[in-house]
Amino acid sequence: MTKKQRAELIQIELEKLYPTVPIPLDHTDPFTLMVAVALSAQTTDKKVNQVTPNLFKVAGTPEKMALLEVHEIKELIKEIGLANTKAKNLKRMAELLLEKHNGIVPQTYEELEALPGVGHKTASVVMSQGFGFPAFPVDTHIHRLMTQWKLTSGKNVVESERDAKKIWKENVWNKLHLQIIFYGREYSPARGNREKDFLTKMLFEK
């Protein structure tokens, strides 16, 4: 099976499994989405979704977030990994949105990635899921699966993202990256039993 055939089969099977894919992080607008994605680094989406309701009650806008002290933000997100750094980033992110963007989340990678705590992956999620621009955010799960499926020889998420964008058409990127994440969690976890990983078996069965 060629790389192109494997990619087509993956897309067909994932569409059967996940015809609709919810965005895993609870949010109400681009700002709360950006905050949730920034918080999700080295933390599960489930834990982020447990913490953000209380955070967004008091700091659901850049104006309200900027008014909080760092220690107040940290108290609201203390169950999440790297809470110290993330609290500082969230406050400064909110301040910069007010100073430079009139409190509105910008719609370019350059402006998004200039915000504290917003790397390329977070910016890609905001661009795709927040604003609907074609993007293929690659996290460690997608990188692992693409390597497993021999769709990339990339050594990191940046190289895997480049390969993913070459393999699949732009109009499926926003949905497909979520489908791959859901598949990885359900059928091929990073740690644990991968007996259910029928897709990998299907791709490489003799």
# chains A, B, ... in the order shown; residues from 1 in each chain; ligands from 1
>>> residues_around(residues="segment 138-147 of chain A", least_positions_apart="6", cutoff="7 Å", atoms="only C-alpha atoms", output="list in words")
Lys121, Ser153, Val157, Ser160, Glu161, Ile180, Ile181 and Gly184 of chain A
>>> residues_around(residues="Arg92 of chain A", least_positions_apart="3", cutoff="10 Å", atoms="only C-alpha atoms", output="NGL selection string")
:A and (62 or 65-66 or 70 or 86-89 or 95-98 or 115-117)
>>> residues_around(residues="segment 36-43 of chain A", least_positions_apart="6", cutoff="8 Å", atoms="only C-alpha atoms", output="PyMOL selection string")
chain A and resi 25-27+49+52+80-81+86+117-118+122+125
>>> residues_around(residues="Gln129 of chain A", least_positions_apart="4", cutoff="9 Å", atoms="only C-alpha atoms", output="ChimeraX atom specification")
/A:23,30,33,124-125,133,135,174
>>> write_last_selection(atoms="N, CA and C atoms", output="PDB file, in the first residue's frame")
ATOM      1  N   ILE A  23     -15.249  19.829  19.481  1.00  0.00           N
ATOM      2  CA  ILE A  23     -13.953  20.348  19.921  1.00  0.00           C
ATOM      3  C   ILE A  23     -13.783  19.914  21.377  1.00  0.00           C
ATOM      4  N   PRO A  30     -13.443  32.799  20.724  1.00  0.00           N
ATOM      5  CA  PRO A  30     -12.003  32.616  20.466  1.00  0.00           C
ATOM      6  C   PRO A  30     -11.116  32.857  21.690  1.00  0.00           C
ATOM      7  N   LEU A  33     -11.398  29.852  24.013  1.00  0.00           N
ATOM      8  CA  LEU A  33     -10.732  28.732  23.342  1.00  0.00           C
ATOM      9  C   LEU A  33      -9.214  28.862  23.479  1.00  0.00           C
ATOM     10  N   SER A 124      -2.658  27.511  15.887  1.00  0.00           N
ATOM     11  CA  SER A 124      -3.319  26.723  14.837  1.00  0.00           C
ATOM     12  C   SER A 124      -4.719  26.302  15.251  1.00  0.00           C
ATOM     13  N   VAL A 125      -4.885  25.907  16.523  1.00  0.00           N
ATOM     14  CA  VAL A 125      -6.208  25.513  17.010  1.00  0.00           C
ATOM     15  C   VAL A 125      -7.158  26.708  16.985  1.00  0.00           C
ATOM     16  N   PHE A 133     -10.285  29.017   9.729  1.00  0.00           N
ATOM     17  CA  PHE A 133      -9.239  28.982   8.713  1.00  0.00           C
ATOM     18  C   PHE A 133      -8.678  27.563   8.607  1.00  0.00           C
ATOM     19  N   ALA A 135      -6.302  24.748   8.989  1.00  0.00           N
ATOM     20  CA  ALA A 135      -5.071  24.561   9.758  1.00  0.00           C
ATOM     21  C   ALA A 135      -5.006  23.093  10.166  1.00  0.00           C
ATOM     22  N   ASN A 174      -9.250  20.767   9.198  1.00  0.00           N
ATOM     23  CA  ASN A 174      -9.827  21.157  10.496  1.00  0.00           C
ATOM     24  C   ASN A 174     -10.543  20.005  11.185  1.00  0.00           C
TER      25      ASN A 174
END
>>> select_by_dssp(residues="segment 8-178 of chain A", states="helix (DSSP H, G or I)", output="ChimeraX atom specification")
/A:8-17,30-39,45-59,62-67,70-77,83-101,109-113,120-130,140-148,157-167,170-178
>>> residues_around(residues="Thr28 of chain A", least_positions_apart="6", cutoff="10 Å", atoms="only C-alpha atoms", output="JSON list (two decimals) with C-alpha atoms, in the first residue's frame")
[["chain", "number", "residue", "atom", "x", "y", "z"],
["A", 56, "PHE", "CA", -14.36, 31.78, 32.98],
["A", 60, "GLY", "CA", -14.06, 35.01, 30.68],
["A", 130, "GLY", "CA", -12.00, 29.56, 16.55]]
>>> closest_residue(among="A:Arg6, A:His120, A:Arg194, A:Lys78", to="Gln50 of chain A", atoms="only C-alpha atoms")
A:Lys78
>>> closest_residue(among="A:Gly132, A:Tyr183, A:Thr44, A:Lys91", to="Lys64 of chain A", atoms="only C-alpha atoms")
A:Lys91
>>> atom_distance(atom1="atom CA of Asn54 of chain A", atom2="atom CA of Thr108 of chain A")
28.9 Å
>>> residues_around(residues="Lys201 of chain A", least_positions_apart="4", cutoff="12 Å", atoms="only C-alpha atoms", output="number ranges by chain")
A: 6, 10, 148-149, 187-188, 194-197, 205-206
>>> write_last_selection(atoms="C-alpha atoms", output="PDB file, in the first residue's frame")
ATOM      1  CA  ARG A   6      -2.783   4.648   3.397  1.00  0.00           C
ATOM      2  CA  ILE A  10      -7.241   6.480   7.157  1.00  0.00           C
ATOM      3  CA  GLN A 148       3.170   4.812  13.296  1.00  0.00           C
ATOM      4  CA  TRP A 149       1.229   4.961  10.018  1.00  0.00           C
ATOM      5  CA  TYR A 187      -7.878   2.978  19.958  1.00  0.00           C
ATOM      6  CA  SER A 188      -4.147   3.639  20.200  1.00  0.00           C
ATOM      7  CA  ARG A 194      -3.303  -0.986  21.698  1.00  0.00           C
ATOM      8  CA  GLU A 195      -5.144  -4.213  20.886  1.00  0.00           C
ATOM      9  CA  LYS A 196      -8.049  -2.146  19.550  1.00  0.00           C
ATOM     10  CA  ASP A 197      -5.839  -0.312  17.062  1.00  0.00           C
ATOM     11  CA  GLU A 205      -1.472  -6.433   7.286  1.00  0.00           C
ATOM     12  CA  LYS A 206       0.386  -8.753   4.968  1.00  0.00           C
TER      13      LYS A 206
END
>>> decode(residues="segment 109-120 of chain A", atoms="C-alpha atoms", output="mmCIF file, in the first residue's frame")
data_model
loop_
_atom_site.group_PDB
_atom_site.id
_atom_site.type_symbol
_atom_site.label_atom_id
_atom_site.label_comp_id
_atom_site.auth_asym_id
_atom_site.auth_seq_id
_atom_site.Cartn_x
_atom_site.Cartn_y
_atom_site.Cartn_z
ATOM 1 C CA TYR A 109 -0.430 33.391 13.230
ATOM 2 C CA GLU A 110 2.159 36.115 13.713
ATOM 3 C CA GLU A 111 -0.002 38.126 16.103
ATOM 4 C CA LEU A 112 -1.277 35.062 17.962
ATOM 5 C CA GLU A 113 2.176 33.559 18.442
ATOM 6 C CA ALA A 114 3.438 36.879 19.825
ATOM 7 C CA LEU A 115 1.116 36.419 22.820
ATOM 8 C CA PRO A 116 2.546 34.815 25.995
ATOM 9 C CA GLY A 117 1.743 31.109 26.283
ATOM 10 C CA VAL A 118 0.572 30.863 22.667
ATOM 11 C CA GLY A 119 2.815 28.642 20.576
ATOM 12 C CA HIS A 120 2.241 27.487 17.025
#
